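my_file.cif (mmCIF, C-alpha atoms)
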```cif
data_entry
loop_
_atom_site.label_atom_id
_atom_site.label_comp_id
_atom_site.auth_asym_id
_atom_site.auth_seq_id
_atom_site.Cartn_x
_atom_site.Cartn_y
_atom_site.Cartn_z
CA MET N 22 -24.50 34.59 20.48
CA ILE N 23 -23.17 31.69 22.56
CA THR N 24 -24.19 28.30 21.19
CA PRO N 25 -25.13 25.78 23.89
CA PRO N 26 -23.18 22.50 23.97
CA VAL N 27 -24.48 19.63 21.86
CA GLY N 28 -26.07 16.84 23.90
CA VAL N 29 -24.41 13.45 23.46
CA ALA N 30 -25.65 9.99 24.42
CA LEU N 31 -22.82 7.51 24.83
CA LEU N 32 -23.88 3.87 24.60
CA GLY N 33 -21.18 1.51 25.83
CA ALA N 34 -19.47 4.13 27.97
CA THR N 35 -17.20 1.79 29.92
CA GLY N 36 -15.69 -0.04 26.93
CA SER N 37 -12.53 0.91 25.08
CA VAL N 38 -14.30 3.15 22.55
CA GLY N 39 -16.55 4.59 25.25
CA THR N 40 -13.68 5.62 27.50
CA SER N 41 -11.86 7.13 24.51
CA ALA N 42 -15.01 9.08 23.65
CA LEU N 43 -15.25 10.46 27.18
CA ARG N 44 -11.67 11.71 26.96
CA VAL N 45 -12.62 13.57 23.79
CA LEU N 46 -15.79 14.97 25.35
CA GLU N 47 -13.87 16.07 28.44
CA ARG N 48 -11.47 18.10 26.30
CA HIS N 49 -14.35 19.83 24.52
CA ARG N 50 -16.89 20.52 27.25
CA GLU N 51 -17.72 23.87 25.67
CA ARG N 52 -18.94 22.07 22.52
CA PHE N 53 -20.37 18.77 23.80
CA VAL N 54 -22.03 17.54 26.98
CA PRO N 55 -22.61 13.84 27.78
CA VAL N 56 -26.26 13.88 28.85
CA ALA N 57 -26.76 10.10 28.76
CA LEU N 58 -24.36 7.26 29.61
CA THR N 59 -25.05 3.53 29.40
CA ALA N 60 -22.94 0.45 29.98
CA HIS N 61 -23.45 -3.28 29.75
CA SER N 62 -22.62 -4.53 33.25
CA ASN N 63 -19.62 -2.62 34.64
CA GLN N 64 -21.50 -0.78 37.36
CA ASP N 65 -18.41 0.40 39.26
CA ALA N 66 -16.82 2.02 36.21
CA LEU N 67 -20.13 3.58 35.19
CA GLN N 68 -20.60 5.10 38.64
CA GLU N 69 -17.15 6.69 38.41
CA GLN N 70 -18.10 8.21 35.06
CA VAL N 71 -21.39 9.48 36.46
CA ALA N 72 -19.52 11.17 39.31
CA GLN N 73 -17.25 12.90 36.80
CA PHE N 74 -19.79 13.98 34.15
CA SER N 75 -23.17 14.15 35.98
CA PRO N 76 -25.30 12.96 33.04
CA ALA N 77 -29.06 13.45 33.11
CA TYR N 78 -29.66 9.78 32.24
CA VAL N 79 -27.80 6.62 33.25
CA GLY N 80 -28.55 3.05 32.19
CA LEU N 81 -27.11 -0.40 32.81
CA VAL N 82 -28.11 -3.20 30.43
CA ALA N 83 -27.20 -6.16 32.63
CA PRO N 84 -26.87 -5.01 36.26
CA PRO N 85 -24.61 -7.34 38.27
CA THR N 86 -26.80 -6.82 41.36
CA ASP N 87 -30.23 -5.47 42.25
CA GLU N 88 -28.66 -2.57 44.13
CA LEU N 89 -28.97 0.14 41.49
CA PRO N 90 -29.77 3.80 42.04
CA GLU N 91 -33.52 4.23 41.68
CA ASP N 92 -33.27 6.67 38.78
CA TRP N 93 -31.05 4.43 36.60
CA GLY N 94 -32.51 2.67 33.60
CA LYS N 95 -31.84 -1.04 33.21
CA GLY N 96 -32.20 -3.75 30.59
CA ARG N 97 -31.84 -3.45 26.81
CA SER N 98 -34.52 -0.75 26.74
CA CYS N 99 -32.15 1.73 28.41
CA LEU N 100 -30.15 1.93 25.17
CA VAL N 101 -33.18 3.15 23.24
CA GLU N 102 -34.23 5.46 26.08
CA ALA N 103 -30.81 7.10 26.09
CA ALA N 104 -30.61 7.36 22.30
CA THR N 105 -34.01 9.00 21.84
CA ARG N 106 -33.94 11.63 24.57
CA PRO N 107 -34.97 15.11 23.34
CA ASP N 108 -31.81 16.65 24.84
CA VAL N 109 -29.60 14.33 22.74
CA GLN N 110 -28.45 15.43 19.28
CA ILE N 111 -25.61 12.93 18.75
CA VAL N 112 -25.59 9.26 19.74
CA ILE N 113 -22.22 7.52 19.99
CA ASN N 114 -23.06 3.84 19.63
CA ALA N 115 -20.10 1.94 21.07
CA VAL N 116 -22.10 -1.12 22.12
CA VAL N 117 -20.39 -4.40 21.25
CA GLY N 118 -22.31 -6.80 19.02
CA ALA N 119 -25.83 -7.03 17.66
CA ALA N 120 -27.32 -5.44 20.78
CA GLY N 121 -26.66 -2.00 19.31
CA LEU N 122 -29.02 -2.38 16.34
CA GLU N 123 -32.28 -1.34 18.01
CA ALA N 124 -30.78 1.83 19.48
CA THR N 125 -29.26 2.82 16.13
CA LEU N 126 -32.60 2.46 14.37
CA ALA N 127 -34.42 4.38 17.11
CA ALA N 128 -31.93 7.24 17.01
CA LEU N 129 -32.02 7.51 13.22
CA THR N 130 -35.83 7.40 13.27
CA ALA N 131 -35.70 10.35 15.67
CA GLY N 132 -33.52 12.24 13.17
CA LYS N 133 -30.35 12.17 15.25
CA ARG N 134 -26.73 11.81 14.20
CA VAL N 135 -25.37 8.36 15.05
CA ALA N 136 -21.60 8.17 15.45
CA LEU N 137 -21.37 4.46 14.79
CA ALA N 138 -18.66 2.33 16.36
CA ASN N 139 -20.98 -0.67 16.37
CA LYS N 140 -20.17 -2.20 12.96
CA GLU N 141 -22.48 -5.15 13.64
CA THR N 142 -25.45 -2.80 13.15
CA LEU N 143 -24.66 -2.39 9.45
CA VAL N 144 -23.51 -5.98 9.00
CA MET N 145 -26.83 -7.34 10.28
CA ALA N 146 -29.21 -4.89 8.67
CA GLY N 147 -27.29 -2.50 6.44
CA GLN N 148 -30.05 -1.77 3.96
CA ILE N 149 -32.67 -1.28 6.68
CA VAL N 150 -30.37 1.05 8.64
CA THR N 151 -29.37 3.22 5.69
CA ASP N 152 -32.98 3.40 4.47
CA THR N 153 -34.08 4.49 7.96
CA ALA N 154 -31.50 7.28 8.00
CA ARG N 155 -32.65 8.56 4.60
CA ARG N 156 -36.36 8.43 5.42
CA HIS N 157 -36.15 10.25 8.75
CA GLY N 158 -33.28 12.67 8.22
CA GLY N 159 -30.87 10.94 10.58
CA ALA N 160 -27.14 10.94 9.86
CA LEU N 161 -24.87 7.91 10.05
CA VAL N 162 -21.21 8.81 10.61
CA PRO N 163 -18.63 6.04 11.09
CA VAL N 164 -16.30 5.91 14.08
CA ASP N 165 -14.19 2.95 12.96
CA SER N 166 -10.82 4.36 11.95
CA GLU N 167 -10.98 2.66 8.54
CA HIS N 168 -14.38 4.03 7.60
CA SER N 169 -13.61 7.45 9.04
CA ALA N 170 -10.54 7.46 6.79
CA ILE N 171 -12.65 6.63 3.72
CA LEU N 172 -15.19 9.31 4.64
CA GLN N 173 -12.41 11.88 4.90
CA CYS N 174 -10.85 10.82 1.59
CA LEU N 175 -14.16 10.91 -0.25
CA ALA N 176 -15.02 14.42 1.00
CA GLY N 177 -18.44 14.38 -0.63
CA ARG N 178 -17.47 12.65 -3.88
CA GLU N 179 -19.99 10.35 -5.55
CA PRO N 180 -19.61 6.55 -5.66
CA SER N 181 -19.21 6.86 -9.45
CA ASP N 182 -15.93 8.74 -8.86
CA VAL N 183 -14.47 5.77 -6.96
CA ARG N 184 -12.59 2.94 -8.62
CA ARG N 185 -11.70 1.13 -5.41
CA LEU N 186 -11.74 1.34 -1.62
CA ILE N 187 -8.64 -0.10 0.07
CA ILE N 188 -9.14 -0.98 3.74
CA THR N 189 -5.99 -1.53 5.76
CA ALA N 190 -5.54 -4.25 8.38
CA SER N 191 -2.82 -4.43 10.99
CA GLY N 192 -2.63 -8.19 10.52
CA GLY N 193 -3.30 -8.73 14.21
CA PRO N 194 -1.10 -10.71 16.59
CA PHE N 195 -0.73 -13.65 14.18
CA ARG N 196 0.44 -11.78 11.10
CA THR N 197 3.74 -13.69 10.98
CA TRP N 198 2.45 -17.04 12.31
CA ASN N 199 1.87 -20.08 10.11
CA SER N 200 -1.50 -21.85 10.04
CA GLU N 201 -0.41 -24.69 12.34
CA ARG N 202 0.75 -22.27 15.02
CA ILE N 203 -2.37 -20.11 14.62
CA ALA N 204 -4.61 -23.15 15.17
CA GLN N 205 -3.01 -23.71 18.58
CA ALA N 206 -3.19 -20.06 19.71
CA THR N 207 -4.26 -19.39 23.28
CA VAL N 208 -6.55 -16.62 24.53
CA SER N 209 -3.52 -14.77 25.84
CA ASP N 210 -1.86 -15.00 22.43
CA ALA N 211 -4.93 -13.71 20.62
CA LEU N 212 -5.43 -10.76 22.97
CA ARG N 213 -1.89 -9.47 22.43
CA HIS N 214 -2.62 -6.96 19.65
CA PRO N 215 0.50 -5.22 18.32
CA THR N 216 -0.86 -1.70 17.72
CA TRP N 217 -4.38 -1.13 19.14
CA GLN N 218 -5.78 -1.28 22.66
CA MET N 219 -9.32 -2.60 22.26
CA GLY N 220 -11.95 -4.72 23.98
CA SER N 221 -11.54 -8.48 24.02
CA LYS N 222 -14.17 -9.30 21.37
CA ILE N 223 -12.84 -6.95 18.70
CA THR N 224 -9.26 -7.96 19.54
CA ILE N 225 -10.11 -11.60 18.81
CA ASP N 226 -11.86 -10.48 15.61
CA SER N 227 -8.63 -8.75 14.64
CA ALA N 228 -6.72 -11.97 15.26
CA THR N 229 -9.03 -13.97 12.95
CA LEU N 230 -9.50 -11.05 10.50
CA ALA N 231 -13.25 -11.37 11.02
CA ASN N 232 -13.19 -7.66 11.83
CA LYS N 233 -12.01 -6.88 8.29
CA ALA N 234 -14.86 -8.93 6.84
CA LEU N 235 -17.28 -6.92 8.98
CA GLU N 236 -15.60 -3.69 7.84
CA VAL N 237 -15.88 -4.63 4.16
CA ILE N 238 -19.62 -5.27 4.60
CA GLU N 239 -19.96 -2.01 6.54
CA ALA N 240 -18.10 -0.04 3.85
CA HIS N 241 -20.36 -1.51 1.17
CA HIS N 242 -23.43 -0.13 2.95
CA LEU N 243 -21.95 3.17 4.12
CA PHE N 244 -20.48 4.25 0.79
CA GLY N 245 -22.53 2.35 -1.79
CA ILE N 246 -19.48 0.61 -3.31
CA PRO N 247 -19.85 -2.95 -4.71
CA TYR N 248 -17.90 -5.73 -3.02
CA ASP N 249 -15.69 -6.32 -6.04
CA ARG N 250 -14.36 -2.76 -5.66
CA ILE N 251 -13.35 -3.11 -1.99
CA ASP N 252 -9.93 -4.57 -1.18
CA VAL N 253 -8.07 -5.34 2.04
CA VAL N 254 -4.32 -4.94 2.46
CA VAL N 255 -2.17 -5.63 5.53
CA HIS N 256 -0.39 -2.58 6.94
CA PRO N 257 1.36 -3.51 10.22
CA GLN N 258 2.12 0.04 11.40
CA SER N 259 -1.59 1.07 11.48
CA ILE N 260 -0.72 4.59 10.30
CA VAL N 261 -2.53 4.58 6.95
CA HIS N 262 -6.10 3.87 8.01
CA SER N 263 -7.56 3.36 4.54
CA LEU N 264 -7.24 4.60 0.97
CA VAL N 265 -9.54 5.57 -1.88
CA GLU N 266 -8.54 5.06 -5.51
CA PHE N 267 -10.48 7.29 -7.90
CA VAL N 268 -11.45 6.58 -11.49
CA ASP N 269 -8.65 8.80 -12.83
CA GLY N 270 -6.01 6.76 -10.98
CA SER N 271 -5.40 9.20 -8.13
CA VAL N 272 -5.19 7.63 -4.67
CA LEU N 273 -5.91 9.47 -1.42
CA ALA N 274 -4.90 8.01 1.94
CA GLN N 275 -5.82 9.18 5.42
CA MET N 276 -3.01 8.85 7.95
CA GLY N 277 -2.68 9.38 11.67
CA VAL N 278 -1.39 7.87 14.87
CA PRO N 279 -3.36 4.76 15.92
CA SER N 280 -5.80 6.39 18.33
CA MET N 281 -9.58 6.03 18.34
CA GLU N 282 -9.86 9.57 19.67
CA LEU N 283 -9.20 10.95 16.17
CA PRO N 284 -12.15 9.27 14.38
CA ILE N 285 -14.38 9.83 17.41
CA LEU N 286 -13.76 13.57 17.30
CA TYR N 287 -14.32 13.69 13.54
CA ALA N 288 -17.62 11.81 13.90
CA LEU N 289 -18.74 14.43 16.43
CA THR N 290 -17.77 17.43 14.27
CA TRP N 291 -18.19 16.11 10.70
CA PRO N 292 -17.98 17.70 8.17
CA GLU N 293 -16.17 20.35 10.20
CA ARG N 294 -12.91 19.94 12.13
CA LEU N 295 -12.15 21.10 15.64
CA PRO N 296 -8.67 21.98 16.95
CA ASP N 297 -7.54 19.26 19.35
CA ALA N 298 -4.28 18.36 21.07
CA GLY N 299 -5.34 15.07 22.56
CA VAL N 300 -3.03 12.82 20.54
CA PRO N 301 0.71 13.12 19.86
CA PRO N 302 1.81 15.19 16.84
CA PHE N 303 2.28 13.19 13.66
CA ASP N 304 5.99 12.49 13.07
CA LEU N 305 6.41 11.03 9.59
CA VAL N 306 10.20 10.93 9.79
CA GLY N 307 10.11 9.27 13.18
CA LEU N 308 7.96 6.46 11.79
CA GLY N 309 10.85 5.31 9.63
CA SER N 310 8.90 3.27 7.09
CA LEU N 311 5.42 2.15 6.17
CA THR N 312 4.93 -1.33 4.75
CA PHE N 313 2.09 -3.19 3.06
CA GLU N 314 1.46 -6.89 2.52
CA ALA N 315 -1.12 -9.09 0.83
CA VAL N 316 -3.61 -10.91 3.06
CA ARG N 317 -2.75 -14.62 3.52
CA HIS N 318 -6.27 -15.89 2.90
CA ASP N 319 -5.39 -19.55 3.47
CA ASP N 320 -4.20 -18.77 7.00
CA PHE N 321 -7.05 -16.33 7.77
CA PRO N 322 -10.17 -17.85 6.15
CA MET N 323 -12.61 -15.74 8.19
CA LEU N 324 -12.04 -12.76 5.89
CA ALA N 325 -13.18 -14.52 2.72
CA LEU N 326 -15.96 -16.30 4.62
CA GLY N 327 -17.41 -13.02 5.87
CA ILE N 328 -17.10 -11.23 2.52
CA ALA N 329 -18.84 -14.17 0.83
CA ALA N 330 -21.68 -13.83 3.36
CA GLY N 331 -21.91 -10.14 2.52
CA ARG N 332 -22.10 -10.88 -1.20
CA GLN N 333 -24.76 -13.52 -0.56
CA GLY N 334 -26.85 -10.98 1.29
CA GLY N 335 -30.18 -11.75 2.92
CA ALA N 336 -29.66 -13.30 6.32
CA ALA N 337 -26.12 -14.54 5.62
CA PRO N 338 -24.27 -11.51 7.05
CA ALA N 339 -26.43 -11.60 10.20
CA VAL N 340 -25.71 -15.32 10.60
CA PHE N 341 -21.98 -14.75 10.11
CA ASN N 342 -21.97 -11.96 12.68
CA ALA N 343 -24.03 -13.76 15.31
CA ALA N 344 -22.17 -17.05 14.93
CA ASN N 345 -18.86 -15.20 15.25
CA GLU N 346 -19.99 -13.37 18.40
CA VAL N 347 -20.95 -16.63 20.12
CA ALA N 348 -17.90 -18.55 18.91
CA VAL N 349 -15.58 -15.79 20.14
CA ALA N 350 -17.29 -15.82 23.54
CA HIS N 351 -16.78 -19.57 23.80
CA PHE N 352 -13.11 -19.18 22.84
CA LEU N 353 -12.59 -16.48 25.46
CA ASP N 354 -14.22 -18.73 28.07
CA GLY N 355 -11.96 -21.65 27.16
CA ARG N 356 -14.69 -23.85 25.65
CA LEU N 357 -13.50 -23.64 22.04
CA PRO N 358 -10.03 -23.72 20.48
CA PHE N 359 -8.99 -20.82 18.27
CA ALA N 360 -9.37 -22.90 15.12
CA GLY N 361 -12.89 -23.75 16.25
CA ILE N 362 -14.08 -20.17 15.69
CA VAL N 363 -13.95 -20.37 11.91
CA GLN N 364 -15.25 -23.95 11.95
CA CYS N 365 -18.36 -22.93 13.91
CA VAL N 366 -18.99 -19.82 11.86
CA SER N 367 -18.56 -21.62 8.54
CA ALA N 368 -20.95 -24.38 9.60
CA ALA N 369 -23.54 -21.84 10.75
CA VAL N 370 -23.42 -19.89 7.48
CA ASP N 371 -23.75 -23.13 5.48
CA ALA N 372 -26.71 -24.26 7.58
CA LEU N 373 -28.57 -20.99 8.06
CA GLY N 374 -27.31 -18.45 5.52
CA THR N 375 -30.30 -18.89 3.23
CA MET N 376 -32.85 -18.00 5.92
CA PRO N 377 -35.15 -15.08 5.04
CA GLY N 378 -33.53 -11.68 5.58
CA ASP N 379 -35.86 -9.16 3.98
CA THR N 380 -37.29 -7.71 7.21
CA LEU N 381 -35.92 -6.76 10.59
CA ASP N 382 -37.89 -9.55 12.28
CA ALA N 383 -36.45 -12.07 9.82
CA LEU N 384 -32.90 -10.84 10.48
CA LEU N 385 -33.40 -11.04 14.24
CA ALA N 386 -34.70 -14.59 13.82
CA ALA N 387 -31.62 -15.51 11.79
CA ASP N 388 -29.41 -13.90 14.44
CA ALA N 389 -31.08 -15.96 17.19
CA ALA N 390 -30.90 -19.16 15.14
CA ALA N 391 -27.18 -18.69 14.53
CA ARG N 392 -26.52 -18.19 18.23
CA ASP N 393 -28.47 -21.31 19.12
CA TYR N 394 -26.67 -23.26 16.41
CA VAL N 395 -23.17 -22.38 17.65
CA ASN N 396 -24.12 -22.92 21.30
CA ALA N 397 -25.45 -26.36 20.44
CA LYS N 398 -22.38 -27.19 18.35
CA VAL N 399 -19.97 -26.19 21.11
CA GLY N 400 -22.07 -27.94 23.74
CA SER N 401 -22.05 -31.17 21.79
#
```

Let me see the file written as structure tokens.
Amino acid sequence: MITPPVGVALLGATGSVGTSALRVLERHRERFVPVALTAHSNQDALQEQVAQFSPAYVGLVAPPTDELPEDWGKGRSCLVEAATRPDVQIVINAVVGAAGLEATLAALTAGKRVALANKETLVMAGQIVTDTARRHGGALVPVDSEHSAILQCLAGREPSDVRRLIITASGGPFRTWNSERIAQATVSDALRHPTWQMGSKITIDSATLANKALEVIEAHHLFGIPYDRIDVVVHPQSIVHSLVEFVDGSVLAQMGVPSMELPILYALTWPERLPDAGVPPFDLVGLGSLTFEAVRHDDFPMLALGIAAGRQGGAAPAVFNAANEVAVAHFLDGRLPFAGIVQCVSAAVDALGTMPGDTLDALLAADAAARDYVNAKVGS
């Protein structure tokens, strides 16, 4: 009997993860069909994707003009509409920032698999999200290369079997810079990532190492591992995506070329694997060498700041995430120096990190307060 293709909703279709996901879906049309596509504001790119894939549903969160096709959804609600359609079995959430939380919760409540590239969802409301998945039978499968690597290394093992998770970091564009030079970095400097092609926000997060703080918090919620058993190590080649050390001393590492298409495909097929020739063959000899370095915490304080917010819990991770989003936007727009990102985020966590965070409404209030705080600080 021929099995019909699995319906996929792709949220954030025009971003770097979204376009990578569409390349994967295109190669496997017999297995997957993109039935819903949404984007933030890139109407031209979305229309090109619609012409290629003919999805049943299309949505634009922030239309640049009023001239939209009549049958397109618009506004934040289009994310939830796409994610909860009855013809959708898998939701790839590649939305940037906290805007992806509502759609993740809606999809999990509907019992769908969420292939999560939106780490902010778990940073803001990790316990609420994982509880929702358990209660309603939804599945949460990571798309981030680091968490996909951990998932593959664990292969169904229990948290009690794990001594330590080791998350690798490329080190970003400033890996070899001293603190004085980093403080003067320009937008162009910060966007020049050595190994990954990503959107501007996550590229800046890689430059500050805020992304690794977010990934540590995400790993804590995804895999149930305490913070004191999650480490970060710098690995400039971005070939070893993460490692798991087990209680008997054995260490498993997942390796692969630095391409988001690999973890995207695995999130679609997990726990199975599907033959795919979309990325170059792995050439271990051609790589020459793999190196690892300790994180220079004094030069990259965002990592420790974010992990401390995760340990604090409550609203602190949501404040850290929201303050970072706004500070990065101000940096990209030229209103804040690079060193000002950590200054704004640190001040916001100090001022607002003890806000209530036991409900979704409380977390959203903390998120909004952190955004207002950083906007006011930059404006003043």

Test item: the PyMOL selection byres ((chain N and resi 74) around 9) resolved as a list in words: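 That selection, the PyMOL selection byres ((chain N and resi 74) around 9), comes back as Glu47, Val54, Pro55, Val56, Glu69, Gln70, Val71, Ala72, Gln73, Ser75 and Pro76 of chain N.
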
The PyMOL selection byres ((chain N and resi 89-97) around 9) resolved against shown file, as a compact mmCIF listing (two decimals) with C-alpha atoms, keeping the file's coordinate frame:
```
# COMPACT_ATOMS: atom_id res chain seq x y z
CA THR N 59 -25.05 3.53 29.40
CA HIS N 61 -23.45 -3.28 29.75
CA GLN N 64 -21.50 -0.78 37.36
CA TYR N 78 -29.66 9.78 32.24
CA VAL N 79 -27.80 6.62 33.25
CA GLY N 80 -28.55 3.05 32.19
CA LEU N 81 -27.11 -0.40 32.81
CA VAL N 82 -28.11 -3.20 30.43
CA ALA N 83 -27.20 -6.16 32.63
CA PRO N 84 -26.87 -5.01 36.26
CA THR N 86 -26.80 -6.82 41.36
CA ASP N 87 -30.23 -5.47 42.25
CA GLU N 88 -28.66 -2.57 44.13
CA SER N 98 -34.52 -0.75 26.74
CA CYS N 99 -32.15 1.73 28.41
CA LEU N 100 -30.15 1.93 25.17
CA VAL N 101 -33.18 3.15 23.24
CA GLU N 102 -34.23 5.46 26.08
CA ALA N 103 -30.81 7.10 26.09
CA ALA N 120 -27.32 -5.44 20.78
```

Report as a Markdown table: every residue of range 305-386 of chain N with an atom at most 10 Å from range 140-153 of chain N, its closest pair of atoms, and their distance in Å to one decimal, counting all atoms listed in the file, with rows sorted by chain and ascending residue number.
```
| residue | atom | partner | partner_atom | distance |
| --- | --- | --- | --- | --- |
| N:Gly327 | CA | N:Val144 | CA | 9.8 |
| N:Ala330 | CA | N:Val144 | CA | 9.8 |
| N:Gly331 | CA | N:Val144 | CA | 7.9 |
| N:Gly334 | CA | N:Met145 | CA | 9.7 |
| N:Gly335 | CA | N:Ala146 | CA | 9.0 |
| N:Ala336 | CA | N:Met145 | CA | 7.7 |
| N:Ala337 | CA | N:Met145 | CA | 8.6 |
| N:Pro338 | CA | N:Met145 | CA | 5.9 |
| N:Ala339 | CA | N:Met145 | CA | 4.3 |
| N:Val340 | CA | N:Met145 | CA | 8.1 |
| N:Phe341 | CA | N:Met145 | CA | 8.9 |
| N:Asn342 | CA | N:Glu141 | CA | 6.9 |
| N:Ala343 | CA | N:Met145 | CA | 8.6 |
| N:Glu346 | CA | N:Glu141 | CA | 9.8 |
| N:Gly378 | CA | N:Ala146 | CA | 8.6 |
| N:Asp379 | CA | N:Ile149 | CA | 8.9 |
| N:Thr380 | CA | N:Ile149 | CA | 7.9 |
| N:Leu381 | CA | N:Ala146 | CA | 7.2 |
| N:Leu384 | CA | N:Met145 | CA | 7.0 |
| N:Leu385 | CA | N:Met145 | CA | 8.5 |
```

Near-Asn114 in chain N list (7 Å; only C-alpha atoms; drop same-chain fewer than 6 positions) as a list in words: Leu31, Leu32, Gly33, Gly121, Val135, Ala136, Leu137, Ala138 and Asn139 of chain N

Among listed residues N:Ala131, N:Val370, N:Ala397, N:Ile111, nearest Val162 in chain N (using all atoms listed in the file):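 Of N:Ala131, N:Val370, N:Ala397, N:Ile111, the one nearest Val162 in chain N, counting all atoms listed in the file, is N:Ile111.
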
All file atoms of range 183-197 of chain N boxed axis-aligned, 5 Å per side, centre plus edges, as lines of an AutoDock Vina configuration file:
```
center_x = -5.4
center_y = -4.0
center_z = 4.0
size_x = 28.2
size_y = 29.5
size_z = 35.2
```
